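Enquirer: So here's start38.txt (compact mmCIF, C-alpha atoms).
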```txt
# COMPACT_ATOMS: atom_id res chain seq x y z
CA MET A 287 2.70 -0.02 -3.04
CA LYS A 288 -0.90 -0.59 -1.89
CA ASN A 289 -2.20 0.62 1.47
CA VAL A 290 -4.15 -1.84 3.60
CA LEU A 291 -6.30 -0.73 6.56
CA VAL A 292 -6.93 -3.29 9.33
CA PHE A 293 -9.86 -2.53 11.65
CA PRO A 294 -9.96 -3.17 14.57
CA CYS A 295 -6.24 -3.80 14.46
CA GLY A 296 -5.73 -4.91 18.07
CA SER A 297 -7.96 -7.99 17.91
CA GLU A 298 -6.34 -11.42 17.59
CA ILE A 299 -7.53 -11.33 13.99
CA GLY A 300 -5.97 -7.92 13.40
CA LEU A 301 -2.67 -9.00 14.94
CA GLU A 302 -2.54 -12.07 12.68
CA ILE A 303 -3.23 -9.94 9.59
CA HIS A 304 -0.35 -7.68 10.64
CA ASN A 305 1.98 -10.65 11.10
CA SER A 306 0.95 -11.94 7.68
CA LEU A 307 1.59 -8.69 5.79
CA LYS A 308 4.36 -6.88 7.69
CA TYR A 309 7.17 -8.25 5.51
CA SER A 310 5.37 -7.84 2.19
CA LYS A 311 7.07 -5.41 -0.19
CA GLU A 312 3.79 -4.73 -2.01
CA PHE A 313 1.64 -3.56 0.89
CA GLU A 314 1.83 -0.89 3.59
CA VAL A 315 -0.23 -1.95 6.59
CA ILE A 316 -2.15 0.62 8.64
CA GLY A 317 -3.93 -0.31 11.85
CA ALA A 318 -7.01 1.46 13.19
CA SER A 319 -8.99 1.11 16.41
CA SER A 320 -11.99 2.78 18.00
CA VAL A 321 -10.41 2.45 21.44
CA SER A 322 -6.83 2.21 22.64
CA ASP A 323 -5.67 -1.38 22.27
CA HIS A 324 -2.65 -3.60 21.66
CA GLY A 325 -2.46 -2.45 18.05
CA LYS A 326 -0.50 0.66 19.04
CA TYR A 327 2.36 -1.57 20.26
CA VAL A 328 2.47 -3.52 17.00
CA TYR A 329 1.52 -1.29 14.08
CA LYS A 330 4.06 1.28 12.89
CA ASN A 331 1.17 3.10 11.20
CA TYR A 332 -1.62 3.38 13.77
CA ILE A 333 -4.87 5.36 13.85
CA GLU A 334 -6.74 5.64 17.14
CA GLY A 335 -10.21 7.04 17.68
CA MET A 336 -11.99 5.39 14.77
CA PRO A 337 -15.77 5.80 15.01
CA ASN A 338 -17.83 2.93 16.35
CA ILE A 339 -19.54 0.91 13.62
CA HIS A 340 -22.93 1.75 15.19
CA ASP A 341 -22.38 5.51 14.88
CA GLU A 342 -24.68 7.15 12.31
CA ASP A 343 -21.76 8.76 10.52
CA PHE A 344 -19.47 5.71 10.62
CA ILE A 345 -19.25 5.26 6.84
CA GLU A 346 -18.68 8.98 6.27
CA LYS A 347 -15.83 9.07 8.81
CA LEU A 348 -14.41 5.82 7.48
CA ASN A 349 -14.28 7.25 3.96
CA HIS A 350 -12.53 10.34 5.31
CA ILE A 351 -9.82 8.12 6.82
CA ILE A 352 -9.64 6.12 3.58
CA ASN A 353 -9.06 9.24 1.51
CA GLU A 354 -6.69 10.84 4.01
CA ASN A 355 -4.48 7.74 4.07
CA ASN A 356 -4.90 6.62 0.43
CA ILE A 357 -6.34 3.26 1.52
CA ASP A 358 -6.78 0.66 -1.22
CA PHE A 359 -8.03 -2.31 0.82
CA ILE A 360 -9.77 -2.81 4.17
CA PHE A 361 -9.50 -5.98 6.26
CA PRO A 362 -12.34 -6.20 8.80
CA ALA A 363 -10.94 -7.91 11.90
CA HIS A 364 -14.10 -8.58 13.94
CA ASP A 365 -17.30 -10.42 13.04
CA SER A 366 -19.55 -7.39 13.52
CA VAL A 367 -17.21 -5.24 11.44
CA VAL A 368 -17.20 -7.88 8.70
CA LEU A 369 -20.99 -7.63 8.45
CA LYS A 370 -21.10 -3.83 8.63
CA LEU A 371 -18.55 -3.37 5.86
CA ALA A 372 -20.11 -6.05 3.68
CA GLN A 373 -23.53 -4.38 3.99
CA ASN A 374 -22.10 -0.98 3.04
CA ARG A 375 -19.55 -2.14 0.50
CA LYS A 376 -20.89 0.08 -2.32
CA GLN A 377 -20.54 3.22 -0.20
CA ILE A 378 -17.02 2.45 1.02
CA GLN A 379 -14.28 4.01 -1.07
CA ALA A 380 -11.87 1.08 -0.77
CA ILE A 381 -12.06 -2.64 -1.49
CA VAL A 382 -13.40 -4.63 1.47
CA ILE A 383 -11.66 -7.98 1.90
CA THR A 384 -14.51 -10.33 2.74
CA SER A 385 -17.24 -12.31 1.01
CA ASP A 386 -20.55 -11.04 -0.35
CA GLN A 387 -23.26 -9.48 1.82
CA VAL A 388 -25.65 -12.46 1.89
CA THR A 389 -22.85 -14.83 2.88
CA CYS A 390 -21.77 -12.46 5.67
CA GLU A 391 -25.34 -12.05 6.94
CA ILE A 392 -25.97 -15.80 7.05
CA SER A 393 -22.61 -16.47 8.69
CA ARG A 394 -23.13 -13.85 11.40
CA SER A 395 -26.21 -15.68 12.70
CA LYS A 396 -25.88 -19.25 13.96
CA LYS A 397 -29.64 -19.74 13.51
CA LYS A 398 -29.57 -18.52 9.91
CA THR A 399 -26.55 -20.72 9.22
CA TYR A 400 -28.23 -23.84 10.58
CA GLU A 401 -31.48 -23.06 8.77
CA PHE A 402 -29.64 -22.40 5.51
CA PHE A 403 -27.96 -25.82 5.68
CA GLU A 404 -30.83 -27.61 7.46
CA LYS A 405 -31.07 -30.41 4.91
CA GLN A 406 -27.41 -31.32 5.36
CA SER A 407 -26.42 -34.14 7.70
CA PHE A 408 -23.67 -32.02 9.27
CA VAL A 409 -26.10 -29.55 10.85
CA PRO A 410 -26.66 -30.09 14.61
CA LYS A 411 -30.16 -30.60 15.92
CA MET A 412 -31.73 -27.33 17.05
CA TYR A 413 -34.72 -27.23 19.40
CA GLU A 414 -37.27 -24.46 18.96
CA LYS A 415 -38.74 -24.70 22.47
CA ILE A 416 -37.75 -26.06 25.86
CA GLU A 417 -40.57 -28.59 25.60
CA ASP A 418 -39.06 -30.05 22.42
CA VAL A 419 -35.89 -31.24 24.17
CA ASP A 420 -35.91 -35.01 24.45
CA ILE A 421 -32.25 -35.70 25.29
CA PHE A 422 -30.03 -33.99 27.86
CA PRO A 423 -27.55 -32.41 28.17
CA VAL A 424 -28.10 -29.67 25.59
CA PHE A 425 -25.78 -26.86 24.59
CA LEU A 426 -26.85 -23.22 24.68
CA LYS A 427 -25.24 -20.35 22.80
CA PRO A 428 -26.20 -16.89 21.51
CA ASP A 429 -27.44 -16.61 17.96
CA VAL A 430 -25.00 -13.74 17.31
CA GLY A 431 -21.71 -13.78 19.14
CA GLN A 432 -18.08 -14.77 19.06
CA GLY A 433 -15.70 -16.65 21.27
CA SER A 434 -17.31 -18.41 24.19
CA LYS A 435 -19.41 -15.50 25.45
CA GLY A 436 -22.85 -16.52 26.71
CA ILE A 437 -22.49 -20.28 26.20
CA ALA A 438 -23.83 -22.80 28.71
CA LEU A 439 -24.41 -26.52 29.17
CA ALA A 440 -27.81 -27.51 30.55
CA ARG A 441 -27.80 -30.99 32.09
CA ASN A 442 -31.53 -31.09 32.80
CA GLN A 443 -34.75 -29.17 32.23
CA LYS A 444 -34.35 -27.09 35.39
CA GLU A 445 -30.96 -25.78 34.28
CA LEU A 446 -32.30 -25.19 30.76
CA GLU A 447 -35.17 -23.11 32.09
CA PHE A 448 -32.77 -21.14 34.28
CA TYR A 449 -30.50 -20.18 31.37
CA LYS A 450 -33.39 -19.41 29.01
CA ASN A 451 -35.08 -17.23 31.61
CA ASN A 452 -31.88 -15.21 31.96
CA GLN A 453 -31.33 -14.95 28.20
CA SER A 454 -34.33 -15.89 26.09
CA ASP A 455 -32.59 -15.71 22.70
CA LEU A 456 -30.13 -18.53 23.44
CA LEU A 457 -30.19 -21.29 20.83
CA ILE A 458 -30.87 -24.79 22.18
CA LEU A 459 -28.65 -27.30 20.38
CA GLU A 460 -27.71 -30.93 20.68
CA TYR A 461 -24.65 -31.50 22.84
CA LEU A 462 -21.51 -32.44 20.90
CA PRO A 463 -19.08 -34.25 23.24
CA GLY A 464 -16.22 -34.91 20.80
CA LYS A 465 -13.15 -33.08 19.55
CA GLU A 466 -13.37 -29.69 17.88
CA TYR A 467 -11.74 -28.72 14.59
CA THR A 468 -11.31 -25.62 12.48
CA ILE A 469 -10.97 -25.82 8.71
CA ASP A 470 -9.17 -22.84 7.17
CA CYS A 471 -10.27 -22.27 3.58
CA PHE A 472 -9.41 -20.13 0.58
CA THR A 473 -11.82 -19.52 -2.31
CA ASN A 474 -10.66 -17.64 -5.38
CA LYS A 475 -12.36 -15.00 -7.54
CA SER A 476 -14.08 -17.74 -9.59
CA GLY A 477 -15.63 -19.37 -6.51
CA GLU A 478 -13.23 -22.32 -6.59
CA LEU A 479 -12.20 -23.76 -3.24
CA LYS A 480 -8.44 -23.77 -3.73
CA TYR A 481 -7.27 -24.81 -0.27
CA THR A 482 -8.54 -26.42 2.92
CA GLY A 483 -6.43 -26.94 6.03
CA ARG A 484 -7.71 -28.84 9.05
CA ARG A 485 -6.49 -28.11 12.59
CA GLU A 486 -7.54 -29.48 15.94
CA ARG A 487 -8.54 -26.98 18.63
CA LYS A 488 -6.76 -28.79 21.46
CA ARG A 489 -7.05 -26.12 24.15
CA ILE A 490 -9.48 -23.22 24.09
CA LYS A 491 -9.46 -20.12 26.29
CA SER A 492 -12.13 -17.41 26.03
CA GLY A 493 -13.19 -18.88 22.69
CA ILE A 494 -9.65 -18.62 21.25
CA SER A 495 -7.73 -21.72 20.25
CA VAL A 496 -4.56 -21.33 22.30
CA ASN A 497 -3.20 -24.74 21.33
CA SER A 498 -3.82 -26.09 17.88
CA ALA A 499 -2.16 -28.58 15.54
CA THR A 500 -2.39 -29.18 11.81
CA LEU A 501 -3.96 -32.44 10.63
CA GLN A 502 -4.39 -34.20 7.33
CA MET A 503 -7.74 -33.60 5.64
CA ASP A 504 -10.20 -36.47 5.76
CA GLU A 505 -12.88 -37.12 3.16
CA GLN A 506 -15.87 -36.28 5.37
CA THR A 507 -14.42 -32.87 6.26
CA ARG A 508 -13.48 -32.18 2.65
CA GLN A 509 -17.06 -32.89 1.53
CA ILE A 510 -18.45 -30.51 4.15
CA ALA A 511 -16.04 -27.80 3.01
CA HIS A 512 -17.10 -28.16 -0.63
CA GLU A 513 -20.79 -28.23 0.27
CA ILE A 514 -20.49 -24.99 2.26
CA ASN A 515 -18.42 -23.37 -0.50
CA ASN A 516 -20.94 -24.40 -3.17
CA ARG A 517 -23.92 -22.97 -1.28
CA LEU A 518 -22.44 -19.65 -0.11
CA GLN A 519 -20.54 -17.04 -2.13
CA PHE A 520 -17.10 -16.85 -0.55
CA ARG A 521 -14.13 -14.92 -1.80
CA GLY A 522 -10.71 -15.02 -0.17
CA ALA A 523 -10.04 -16.51 3.26
CA TRP A 524 -12.78 -18.02 5.41
CA PHE A 525 -13.15 -20.84 7.89
CA PHE A 526 -15.67 -23.12 9.54
CA GLN A 527 -15.68 -25.08 12.77
CA ILE A 528 -16.98 -28.58 13.40
CA LYS A 529 -17.29 -30.83 16.43
CA VAL A 530 -17.80 -34.56 16.80
CA ASP A 531 -21.25 -35.70 17.99
CA ALA A 532 -22.11 -38.66 20.20
CA ASN A 533 -22.13 -40.97 17.15
CA GLY A 534 -18.73 -39.90 15.85
CA HIS A 535 -20.05 -37.64 13.07
CA TYR A 536 -18.97 -34.06 12.37
CA LYS A 537 -21.50 -31.32 13.13
CA LEU A 538 -21.18 -27.68 12.12
CA LEU A 539 -20.58 -25.06 14.81
CA GLU A 540 -20.14 -21.92 12.73
CA VAL A 541 -18.93 -20.39 9.47
CA ALA A 542 -16.98 -17.12 9.27
CA PRO A 543 -15.98 -15.19 6.11
CA ARG A 544 -12.85 -13.68 7.61
CA ILE A 545 -9.30 -14.31 8.78
CA ALA A 546 -8.92 -16.40 11.95
CA GLY A 547 -6.21 -15.58 14.47
CA THR A 548 -4.93 -19.16 14.47
CA MET A 549 -4.48 -19.11 10.70
CA ALA A 550 -0.92 -18.31 11.85
CA LEU A 551 -0.52 -22.09 11.99
CA TYR A 552 -0.99 -22.48 8.23
CA ARG A 553 0.91 -19.25 7.51
CA ASN A 554 3.93 -21.01 8.98
CA LYS A 555 3.26 -23.91 6.61
CA GLY A 556 3.46 -21.49 3.68
CA VAL A 557 -0.25 -20.58 3.30
CA ASN A 558 -0.58 -16.86 4.00
CA PHE A 559 -4.35 -16.34 3.92
CA PRO A 560 -4.41 -12.51 4.18
CA LEU A 561 -1.79 -12.16 1.45
CA LEU A 562 -3.61 -14.65 -0.78
CA SER A 563 -6.88 -12.73 -0.24
CA LEU A 564 -5.22 -9.48 -1.36
CA TYR A 565 -3.65 -11.09 -4.42
CA ASP A 566 -7.01 -12.53 -5.36
CA ARG A 567 -8.58 -9.04 -5.17
CA MET A 568 -5.83 -7.85 -7.50
CA ASP A 569 -7.05 -10.53 -9.95
CA TYR A 570 -3.97 -12.71 -9.71
CA ASP A 571 -4.35 -16.39 -10.52
CA ILE A 572 -3.73 -18.12 -7.20
CA LYS A 573 -1.91 -21.39 -6.63
CA VAL A 574 -1.84 -22.57 -3.01
CA GLU A 575 0.57 -25.16 -1.64
CA ASP A 576 1.83 -25.76 1.87
CA ASN A 577 5.25 -27.10 2.80
CA GLY A 578 3.94 -30.48 4.00
CA VAL A 579 5.32 -30.11 7.54
CA ASP A 580 2.94 -30.66 10.47
CA ILE A 581 3.03 -27.82 13.01
CA GLU A 582 1.57 -27.21 16.45
CA VAL A 583 1.08 -23.75 17.94
CA ASP A 584 0.69 -22.81 21.58
CA ARG A 585 -0.28 -19.28 22.52
CA ALA A 586 -0.04 -17.27 25.72
CA LEU A 587 -0.09 -13.60 26.68
CA ILE A 588 2.91 -11.66 25.35
CA ASN A 589 4.50 -8.62 26.97
CA ARG A 590 5.04 -5.50 24.88
CA PHE A 591 6.16 -2.23 26.42
CA SER A 592 6.33 1.47 25.75
CA ILE A 593 9.37 3.21 27.29
CA GLN A 594 8.80 6.85 28.21
CA TYR A 595 12.41 7.81 27.56
CA THR A 596 14.18 8.78 24.35
CA TYR A 597 17.83 7.80 24.10
CA GLN A 598 20.50 8.27 21.43
CA ARG A 599 23.21 5.99 22.74
CA VAL A 600 23.40 2.47 24.20
CA TYR A 601 26.23 1.32 26.46
CA VAL A 602 26.26 -2.45 26.60
CA ASP A 603 28.34 -4.99 28.54
CA PHE A 604 29.73 -8.15 26.94
CA ASP A 605 30.17 -11.10 29.34
CA ASP A 606 26.81 -12.58 30.40
CA THR A 607 25.02 -9.76 28.57
CA ILE A 608 25.81 -10.05 24.87
CA THR A 609 26.83 -13.59 25.76
CA TYR A 610 24.94 -16.19 27.74
CA LYS A 611 26.86 -19.26 28.92
CA ASP A 612 29.64 -18.42 26.46
CA LYS A 613 27.25 -18.29 23.51
CA VAL A 614 25.51 -15.39 21.81
CA ASN A 615 22.37 -14.06 23.50
CA PRO A 616 20.04 -13.87 20.47
CA PHE A 617 17.44 -11.66 22.17
CA LEU A 618 20.07 -9.06 23.07
CA MET A 619 21.32 -9.15 19.47
CA LEU A 620 17.76 -8.52 18.28
CA PHE A 621 17.79 -5.33 20.34
CA LEU A 622 21.22 -4.24 19.07
CA TYR A 623 20.16 -4.61 15.44
CA GLN A 624 17.01 -2.68 16.25
CA CYS A 625 19.30 0.10 17.55
CA LEU A 626 21.30 -0.07 14.33
CA ASN A 627 18.13 0.30 12.25
CA HIS A 628 17.00 3.27 14.38
CA ASN A 629 20.40 5.00 14.17
CA LYS A 630 21.18 4.61 17.86
CA GLU A 631 24.86 4.71 18.76
CA ILE A 632 26.09 1.41 20.27
CA ILE A 633 29.12 1.38 22.55
CA LEU A 634 30.51 -1.90 23.86
CA ILE A 635 32.00 -1.38 27.34
CA THR A 636 33.60 -4.48 28.81
CA LYS A 637 36.15 -5.93 31.24
CA HIS A 638 36.49 -9.10 29.18
CA ILE A 639 39.70 -10.88 30.25
CA LYS A 640 40.67 -11.94 26.70
CA ASP A 641 41.16 -10.02 23.47
CA ILE A 642 37.60 -8.75 22.91
CA LYS A 643 37.96 -8.49 19.12
CA GLU A 644 39.19 -12.07 18.96
CA THR A 645 36.29 -13.29 21.10
CA LEU A 646 33.79 -11.34 18.98
CA GLY A 647 35.28 -13.01 15.91
CA GLN A 648 34.97 -16.46 17.46
CA LEU A 649 31.27 -15.75 18.12
CA ARG A 650 30.90 -14.33 14.58
CA ILE A 651 29.84 -10.92 15.85
CA ASP A 652 31.17 -8.19 13.62
CA VAL A 653 33.07 -5.58 15.62
CA ASN A 654 31.65 -2.97 13.23
CA LEU A 655 28.26 -3.45 14.88
CA PHE A 656 29.62 -1.16 17.58
CA ASP A 657 30.41 2.50 17.08
CA ARG A 658 33.09 2.16 19.73
CA VAL A 659 34.61 -0.56 21.92
CA ILE A 660 35.82 0.44 25.39
CA HIS A 661 37.96 -2.37 26.82
CA LEU A 662 38.66 -1.82 30.54
CA GLU A 663 40.81 -3.40 33.20
CA LYS A 664 39.10 -5.25 36.04
CA GLU A 665 39.68 -2.42 38.56
CA ASP A 666 38.37 0.33 36.24
CA LEU A 667 35.03 1.99 36.92
CA LYS A 668 32.69 1.97 33.95
CA SER A 669 31.02 5.13 35.24
CA LYS A 670 34.15 7.13 34.35
CA TYR A 671 33.63 6.30 30.67
CA ILE A 672 29.92 7.12 30.46
CA ASP A 673 28.90 10.47 28.98
CA ASN A 674 25.65 11.38 30.72
CA GLN A 675 25.29 14.57 28.68
CA ILE A 676 23.96 12.47 25.80
CA PRO A 677 20.61 10.67 26.44
CA SER A 678 21.78 7.11 26.98
CA ILE A 679 20.92 3.77 28.53
CA PHE A 680 23.25 1.21 30.11
CA ILE A 681 22.80 -2.57 29.88
CA ASP A 682 24.75 -4.88 32.17
CA ASP A 683 24.05 -8.10 34.09
CA SER A 684 26.02 -6.82 37.10
CA PHE A 685 23.99 -5.09 39.84
CA SER A 686 27.06 -3.24 41.17
CA GLU A 687 27.91 -1.90 37.71
CA ARG A 688 24.30 -0.82 37.14
CA ASN A 689 24.22 0.82 40.56
CA GLN A 690 27.28 2.93 39.77
CA ILE A 691 25.84 4.07 36.45
CA LYS A 692 22.43 4.81 37.90
CA ALA A 693 24.17 7.24 40.29
CA ILE A 694 25.14 9.42 37.33
CA ASP A 695 21.51 9.61 36.09
CA VAL A 696 21.69 7.13 33.23
CA PRO A 697 18.78 4.61 33.08
CA VAL A 698 20.05 1.06 33.58
CA PHE A 699 18.68 -2.29 32.43
CA ASP A 700 19.47 -5.87 33.35
CA VAL A 701 19.40 -8.61 30.72
CA ASP A 702 15.93 -9.69 31.83
CA SER A 703 14.66 -6.16 31.07
CA ILE A 704 15.64 -6.15 27.41
CA GLU A 705 12.08 -7.08 26.44
CA ALA A 706 10.96 -3.60 27.53
CA LEU A 707 13.30 -2.08 24.92
CA ILE A 708 12.06 -4.07 21.94
CA ASP A 709 9.95 -2.07 19.49
CA TRP A 710 7.56 -4.52 17.83
CA ARG A 711 5.98 -1.91 15.56
CA HIS A 712 6.72 -2.82 11.97
```
Have the structure of the file written as structure tokens, please.
Expert:
Amino acid sequence: MKNVLVFPCGSEIGLEIHNSLKYSKEFEVIGASSVSDHGKYVYKNYIEGMPNIHDEDFIEKLNHIINENNIDFIFPAHDSVVLKLAQNRKQIQAIVITSDQVTCEISRSKKKTYEFFEKQSFVPKMYEKIEDVDIFPVFLKPDVGQGSKGIALARNQKELEFYKNNQSDLLILEYLPGKEYTIDCFTNKSGELKYTGRRERKRIKSGISVNSATLQMDEQTRQIAHEINNRLQFRGAWFFQIKVDANGHYKLLEVAPRIAGTMALYRNKGVNFPLLSLYDRMDYDIKVEDNGVDIEVDRALINRFSIQYTYQRVYVDFDDTITYKDKVNPFLMLFLYQCLNHNKEIILITKHIKDIKETLGQLRIDVNLFDRVIHLEKEDLKSKYIDNQIPSIFIDDSFSERNQIKAIDVPVFDVDSIEALIDWRH
């Protein structure tokens, strides 16, 4: 078993790395963050209070954490962290999963990237000075940055001067009005580009592709991918982004030698980029194939909760709780199996009008899932059968039933509150 540290683990990148590795039998995933973030709700192994990468003793403290937790590999999950770890790779006492230092330095700067590939037709036109601009609108973005922070569209010289006066280091680039694409890539230990997957960035929010769909590779994109791979020294997963210009040609936006959050799309096609990157570092010969099915992903905020109550027993109703419209409620079953895994006692308490064991059988729910089944008559009070001396919770769709149980100091939950009980740490 190899230990893998993901830092910062609560970024979209870090969460995708966790999703990619959490079921692997060969790796134990450990998340780390400098500040409290969403990682603590997702990572079973979580380290908070990591030093900031700009601290003088960052590498020293990082190595302390590496040794204390027997870390074998580190996945940087932010562009600035990628660069910092690549630049200090020789001092870090674990294998850093990214490309070489020069590649990371060029990729971190849009200006350096465009200058490095300046002779290639896929590089957008970059204006050195305001006076050089001959066609409006132009697009402005920071040389070093991520997401959509600091970008602007200048429709005329007055707007251009305004933005440049506020932030002088903005790059002035030709405006690209067409569709935007990301190409997810994997390069092996020999520098061979083993896989490219194209996806359209259909809807973007705060620089993150929240709706994206897989597409077939076209020849122009494939040639750009090989040209970038041949010029820079990649290893493992990386990606680049392109956008269509006014003449219908692809122009490069950026290159990044790291995992992308929306690589989840290709993971669900069978291409697990973080896992492939680790295998490559273990000197495995890598063969990459996807399942051939086109997939679209749509992302939105997800709720994850931390309950400040420790319970040993769960009392759960049957009709309209374990069931929904006479079928099994899969989300409730997810919670019950979580309880089983965490050694929580599960007691089914129901006024079901039929033979409950027969109904469970018809729904293919094993009665042995429950430590006990309490089958009541309609006029019985469930509160009489609840032992409030044992830390417990009660789940029922009925307000009146919940109200009775709440009166005996047992926390109650409706079906729509089950999400607060799910432990996503894996």
Enquirer: With distances taken over only C-alpha atoms, which residue among A:Arg544, A:Lys427, A:Lys537, A:Lys415 lies nearest Thr384 in chain A?
Expert: A:Arg544
Enquirer: Could you state the separation of CA of Leu649 in chain A and CA of Asp605 in chain A in Å, given to one decimal place?
Expert: 12.2 Å
Enquirer: Rounded to one decimal, what separation in Å do you get between CA of Glu505 in chain A and CA of Leu561 in chain A?
Expert: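 Taking CA of Glu505 in chain A as the start and CA of Leu561 in chain A as the end point, the length is 27.4 Å.
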Enquirer: From the options A:Glu644, A:Glu302, A:Asp455, A:Asp652, which residue's atoms come nearest to Ile545 in chain A, counting only C-alpha atoms?
Expert: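 Of A:Glu644, A:Glu302, A:Asp455, A:Asp652, the one nearest Ile545 in chain A, counting only C-alpha atoms, is A:Glu302.
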Enquirer: My list of candidates is A:Ile588, A:Ala550, A:Met287, A:Ile632. Which is closest to Glu705 in chain A when distances are computed with all atoms listed in the file?
Expert: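 The closest residue to Glu705 in chain A is A:Ile588.
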